[in-house]
Structures are given as C-alpha cells and as structure tokens.
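Undergrad: Structure provided below as structure tokens; questions to follow.
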Amino acid sequence: MNGGDMTERLKTRRTGVCGALLMATTALTGIMAPTSVLAQTAASAQRKFNIPAQPLREALLIFGQQSGLQVTAQGPLVEGRTSSAVSGDLPPAEALRRLLTGTGLTFRFDGADAVRLEPVPQTAGAIQLGPVRVEGDGNRNSEAASLAQWRDEESPTGPGRGYVASRSMAGTKTNTPLIETPQSIAVITRDQMEDRGVKNLSDAFAYTAGVIGDNVVEGRYDKPVIRGFSARQYLDGLYLNYYASGYLMPRVETYGLERAEILRGPSSVLYGANAPGGMVNMVSKRPTADPLREINLQYGSYDRKQASFDLGGAVDENNIVTYRLTGLWRKSDTQTDYAKDDRIFIAPAVTFRPSADTSLTLLAHYQHDKQGTAINFLPSQGTVTPTVSGRRISTSFFTGEPSFNAFDREDYGIGYEFEHRFNDTFKVRQSARYMHADLSYTGVYAAGWNDAAQTQLRRGSLSAGGSLDTIGLDTNAEAKFATGPVRHTVIVGIDYQHGSFDDRQGYGTVGTGLGLIDAFDPVYGATVNPISTYTLVDQSQRQLGVYFQDQMKLTERLTFVAGGRQDWARSSTDSKRRTVSTGVTTTPTNVSIDQQKFTYRFGLVYETPSGLAPYISYSTSFQPQAGASAEGTPFVPTTGKQIEVGVKYQPTGVDGFVTASLYDLRQQNVLTSDPSHPGTSYQIQTGEVRSRGFEIDGTLNLSDSFKTLAAYTFADTEVTRSNGTDLGKTPINRPRHVGSLWGDYTQRTGWASGLGLGLGVRYVGKSYGDALNTFEVPEVWLADAALHYTLDQRWRFSITATNLLDKKYVGQCGSATTCYYGYRRSVIGTATYRF
C-alpha cells in the first residue's frame, strides 16, 4: 500500500431496524442503511465496553461506538493487526489501552474527545501511509466513505469481513474489486465457514448459487458441478491435477483455508484447460503480523473427535518475517457402518517481506487420510422407491467387507508466492508448487439386486493404488498506465503444469462368485478372492500457456476487460495388464495426444453511483479430449462458449454484495457414437451440451450482530446434439431449482451478550437418476442451525447441526444401481480458546 492521504470515518451505529436480504425464486431485495447516533465524549467517565478480539480496524469501529471518542490513525498502523478483548465498565482511556495490548501501538489525546494512535518507540521506523480516521460522529457520508475505504484496502486473498468479500485475485489475476469484474464470482469467507460448521468443501458450497457439491455421504472427494459441468479445483491459483488420477484425488482440508472462490463460466483465458461451467479456487491461510493463537476441540455425531490449532504472528519487531502454523487431528466414524474419517493435517507458512515492495511467502502442507468406503452403490428400488416388499435400505448400511475396506491417502506439497513492485507502473508475480500423493484402496461394492424379492445384492471387489506428482508454475508481469483518458491494468503471463501419475486397478469376486449380501440383515465375513489381473497405467500430462489481459477504465465508471490465451497440451499414456499368478505383463500400449487451443474473453461493466453495476461478457474455454476416430484422427479439444449478462450491487452505505446473472453456455466437440460404424465403440465429435439459467446470490453484514446470505439457482441443462439415446436428455445430478437462506444473529449487549443463533434452510430440486431420464431423484428441503456463545472474548462455544430435522433422502443417482444417500443429521460441539 502506497503513501498518500486517505481519510476514512467509521461512525457510531446502533442496531435498529435494518433492511432484510430475502431469498425468493426470482429476486433478492431490500436493503436499508442503519441509523446513526451522535457520538458523546466521555474521556474519563466510565463506559460499558464489550469488544471481542478481532481485526484492529473493526475493533476501533466498535470502540468509537461505545466510547464516543474520535480516533485517528496512520493507515498501516491498523492494517493487519488484531486487537485484544475488552470487557466491563471502564474509562475509555483504559479500555483503549487494553484494546491495543500486543499491537505495538499506543495513543495520545488531541483534545477531550479526540485520540491519535501512534507506534510505540521501538516500532517508530515502520512504514507509514496516509491517515485513516476512525471517529464517532453522525455523518452518513462519513460512514459511506469509511466503508469505501475498507473495500479499497481489503486483501484479495484474505478471509473477508463477516460474510462479505469485495475483492479477489481469482477472476483477473490482479487485485480487482468484484464489482469491476464482468464475471459472476462468489467468495465463501472464513467467517461463513466457521459459523456454519463447514466440514468439507461440498459443505462450503451449500449456500452458494450455481454450484452443486456432492450432496451424498462421501468422505473421499469433493466433486463440484458448476453450471452443469464438473469443475476443476485450484489451490492458490494452481491446478491440483484432480481428474486425471483415477481414485487418487486429494481432498483439501477446509480448516486450512482463508476463503473459497467460485468462478462461474469459462475461465480458460487465465487458467488454461477448464470445464466451461467454471472453476473453484481455494486460498490457503497466510502468515499474519498480528498475534494469532487459537485452539479448538470438537466432539460430535458418529463419535467425531477433533483437535485443531491456528498460530501466527511476527518473528521480529519490524514484521519482516511472519509465520502461520495450522494443524488438525481427527478420529471419527461416519454415517456408514465400518467406514472411518480419520485425518492428520498440518500446514506451515512463512512470509519474508524485506520492504514494502517485495514479499516471498512459502506455503507447505501435509495430510494423511485413513478412511473406509463411506459411499455405497445402492439400487434405486430400495432407496428412491421402496422394494417390491415395501422396504427401504438403511442409510447406515455398508455394502462391503470390514476386513477388506481401506482408503489410505497421503499427500504433501510445498510452494511459494513471490511479488515485487518496481514502481507505480510495473509489478511481477510468480507462484509455484510441487505436490505428491499416494493411495492404497481396497473395497467391496454392490452391483444391484440378484433376486426378484429384492433382498440380496450382488457384490464385487476392487484394489487400487498409485502415486501422483504435480508441478505448477505461473509467472506474470503487471503494468498500470494510461493512454489518453483510458487507464490500463495489463498483465502478460506464462504458466506451466506437469503431472505424472501411475495407477493400479484390479477387480475381482467375493465368496463363491456373486458375493451376495442381505441388504436388510447383513452378515459380514465373506472371503474376498485374490484379484488375478491388474491394469497398470502410467500417464503424464503437460500444459504450457501464454496469456494476456487488459482491464481498461474507459471512464471512471466504465470498465472493459479483454484477454486471450494460447495453450499447448500434451498427454502420454502407457497401459498394460499384469496377471498376478504368472507375473506376465503385456506389452504397453502407448497413446500420445498433442492439442492446442486459443481462448479469449471480453467483458464490459458499468458502475452507477447507487452501487448497481450491470455487466455483459463473452468467454470461451477448452478441455483436451483423449482418443481418436475410426479413421485414426486424434480428437480435438472440447470447447465451451458463454454469453452472460447480469448486475452486481454493492450498496454505498451498507456492507453487502449481490450478484444476479443470466447465462447461455454451450460445450461443443462432445463425443457421441459414430453412425458410420454402428454396433462399435467408435465415436465422433458432433455432440453438444447446453446449459442456460439464472443465478442470484447475496451476502450482507447488517451490523456486527447480524449476518445473512441467500442464493437461488435455476439451471436448464440438456444434451442438444447427440447420435445416442441421450439426445434431448438432462445429465444426472442437475437439479433445475436450488435455493438457500442463512442468517446469524449475535447479541452484543445486556445479560445475553455474546449469545448467538444461526438458522438456515436449503432446497435441492428433483433431478434425473440416469442418462436416459427414466426416473427422478426427489426434491429435498433441509434445515441447518448453529448456537454459539462467546465468553470473556477468549472462549467461544458452538453447536452446529446440519440436516437438523434428520431428513432421510437420496442425494443423487448415477444409474438404477448406483444411488447414494445424503447426510443424516450431524451435530458437532466446538470449544475454541483464543489467547
């Protein structure tokens, strides 16, 4: 952050009748600014204070409200610092002294009702920026100015504020306000994840428009679907190589995240190969200069026991070296009998900042998951509908064998983020990561009913394993300059991805061959026969991309974004089969694919004085496609194209953000059967899938007491071109209607001070259970809740419940024999100590 005077005023508020953010099937409306009260000066008289430990900026806002004092501070003095807690009847001067404990700051009075913050002598050499004013007057314009200042200074990779984030790097790879980005982007903040008791990434998506998580009992993976297409996942802007690695797909621990970002629509122009529906970017917790000490203990449903910690701060008094250490240990059963969900996770991070212009952050993690198969292949008759005898399979039923049930995954990674600013015009960034993962997986699965009475399930076995190594590197240069009245922010970059994966898969029999098990009275102990033959696959993938982008401020309110990218992708796959009894391995079959593609996007957004920002965009994407036609011609990449129109709303006087969008999205060059070769497996690339719909979601911090979020999605996904029987059909797990509403209120005064309640409701509409749309998975309404209490600003106790009413439902089906139950009620108690 550069010098220059910037004044912000954060006025005293009182919680009153504010507007509401309501979710309906077509709108999200009605925000009213809170009323103000005049500040009162009482420099020596005792006042009642109740200020939790939190970012110093927010603490000073509350202090101004409760003390009536005007506080003035140099910008960098409050940036990135955390206050101590203050509680009780105290003189304002004593309350402020306690508030600043551990921050390296002190204060002096500039009059009866004015206080100026300044560094203590040993930090007097810290870099200083323009003034930031925190005061207690009743000027509505002052509050709007202060909120705008908050938005200007928010970190684009930080945890957000409450439920609201206003900036992101994900949509442009530059520090850009969301309202200036002509693309629909959602940010799931750290506070939202904590308030709702999010356990995994699929949980995090539950209250966000346009994205469907795996709403099923699944401990192994997160497989989000955005705008009708399976989405790739990124960590700190670098691809995780998920979908090329068989059963070996790492699952990111959400406790180690600052935020999760959803980019809706094609994003290839900055990230290369991607599905047309969008992508997920997760941001790791970063080092902080403020002291951070947090310990959590959890206990909950299915004997879930978990301990975690989050520690951070500065190593030296000038904040040149800062650190963060986050860790978690969990031992837990699951809804499914004999399936575990055990995990060890640790993530150290260090930032070296020798000057205000240069920073280097090292990010590392280690994670070890020991689980069983929680997901079960169950028939639709017995889950979606009753069996012929009128019964349904238990939601805890385990189809496998306890003695042959292991999912042991280990992964670790290390990387860095480097940034250097040469001057006000030029800046360079580079990020890199190496990651390694291993898997050992054994299990028994069901394959449908074996008898007319629908009691006995056929079963088979599998054994799989392998390792995955990935390298990601992204380098770009940013330039800010003007050509006449047009202001430009230009980036030019190059990125490289490489993944090598070796996979082993074998399938076998159980018992006498069919491995029958009674779904209603299971008896375990069947023999799992040795697997005789394994398929061995060695695969490598490489992608090199060169990209550019220009964000042009044509006027103060009109922004035009244009970008393009050229990618070169190559994959090489060696496949062979090995017979265990003889040790004979077949000669490897090698398939190499070289593909390249140019993608681009254009977008225009106009910001009105009221905070409304209509936008329009056109963007494209590509995904490499393996295989060849009957004539031996290699397939070309599938392509995506989308036109989107929408409006964003960021009210000037209220801390909130709303996005509404309409889109028409098409994926082309999709594989379909070759009519010139009937009865064969040959395919041609004449298929097309269309997705179009409407999305609206919003987040709102009405005050420091009430936060809310709401979302609604209408999605119409259809196979519009195909030579197969799926023509005109809707793909599986693509509900047309999805909606949600959540609110969290905390009492800040009186005898119930610190007590809070969160309530939420989710709706997932019906979807089709197979590719031919022969049956439907019913709709479901789900309720969630949270109860929390903060004691003495150090202790926080919470109870979170998902599926509060214990609704029994089917989350999705892939066919008539592969249906999966959703999560039953889960209640988790958490005790947090901050010191």
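Ordering of the structure tokens sets the chain letters (A, B, ...); residue numbers start at 1 within each chain; ligands are numbered from 1 in the order shown.
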Quick one: pick out all strand (DSSP E) residues within segment 274-319 of chain A from a backbone DSSP run and write them as a ChimeraX atom specification.
TA: /A:278-284,292-300,304-314
Undergrad: Wanna dump the segment 275-324 of chain A-segment 217-241 of chain A contacts at 9 Å for me, each residue with its shortest atom pair and the distance in Å to one decimal, counting only C-alpha atoms, ordered by chain and number, as a tab-separated table?
TA:
residue	atom	partner	partner_atom	distance
A:Ala275	CA	A:Ala231	CA	5.9
A:Pro276	CA	A:Phe229	CA	6.9
A:Gly277	CA	A:Arg227	CA	4.8
A:Gly278	CA	A:Ile226	CA	5.8
A:Met279	CA	A:Ala231	CA	5.0
A:Val280	CA	A:Gln233	CA	4.8
A:Asn281	CA	A:Tyr234	CA	4.6
A:Met282	CA	A:Leu235	CA	4.8
A:Val283	CA	A:Asp236	CA	4.9
A:Ser284	CA	A:Asp236	CA	6.5
Undergrad: Quick one: residues within 7 Å of Ser168 of chain A, only C-alpha atoms counted, chain neighbours fewer than 6 positions away excluded, as a PyMOL selection string?
TA: chain A and resi 156-157+175-178
Undergrad: Between A:Thr470, A:Thr512, A:Thr699, A:Gln306, single out the one closest to Gly160 of chain A, counting only C-alpha atoms.
TA: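 The shortest atom-to-atom distance to Gly160 of chain A comes from A:Thr699.
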Undergrad: I'd like the contact shell of Gly564 of chain A - 6 Å cut-off, only C-alpha atoms, skipping same-chain residues fewer than 6 positions apart - returned as a list in words.
TA: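 That gives Val269, Tyr547, Phe548, Thr599 and Tyr600 of chain A.
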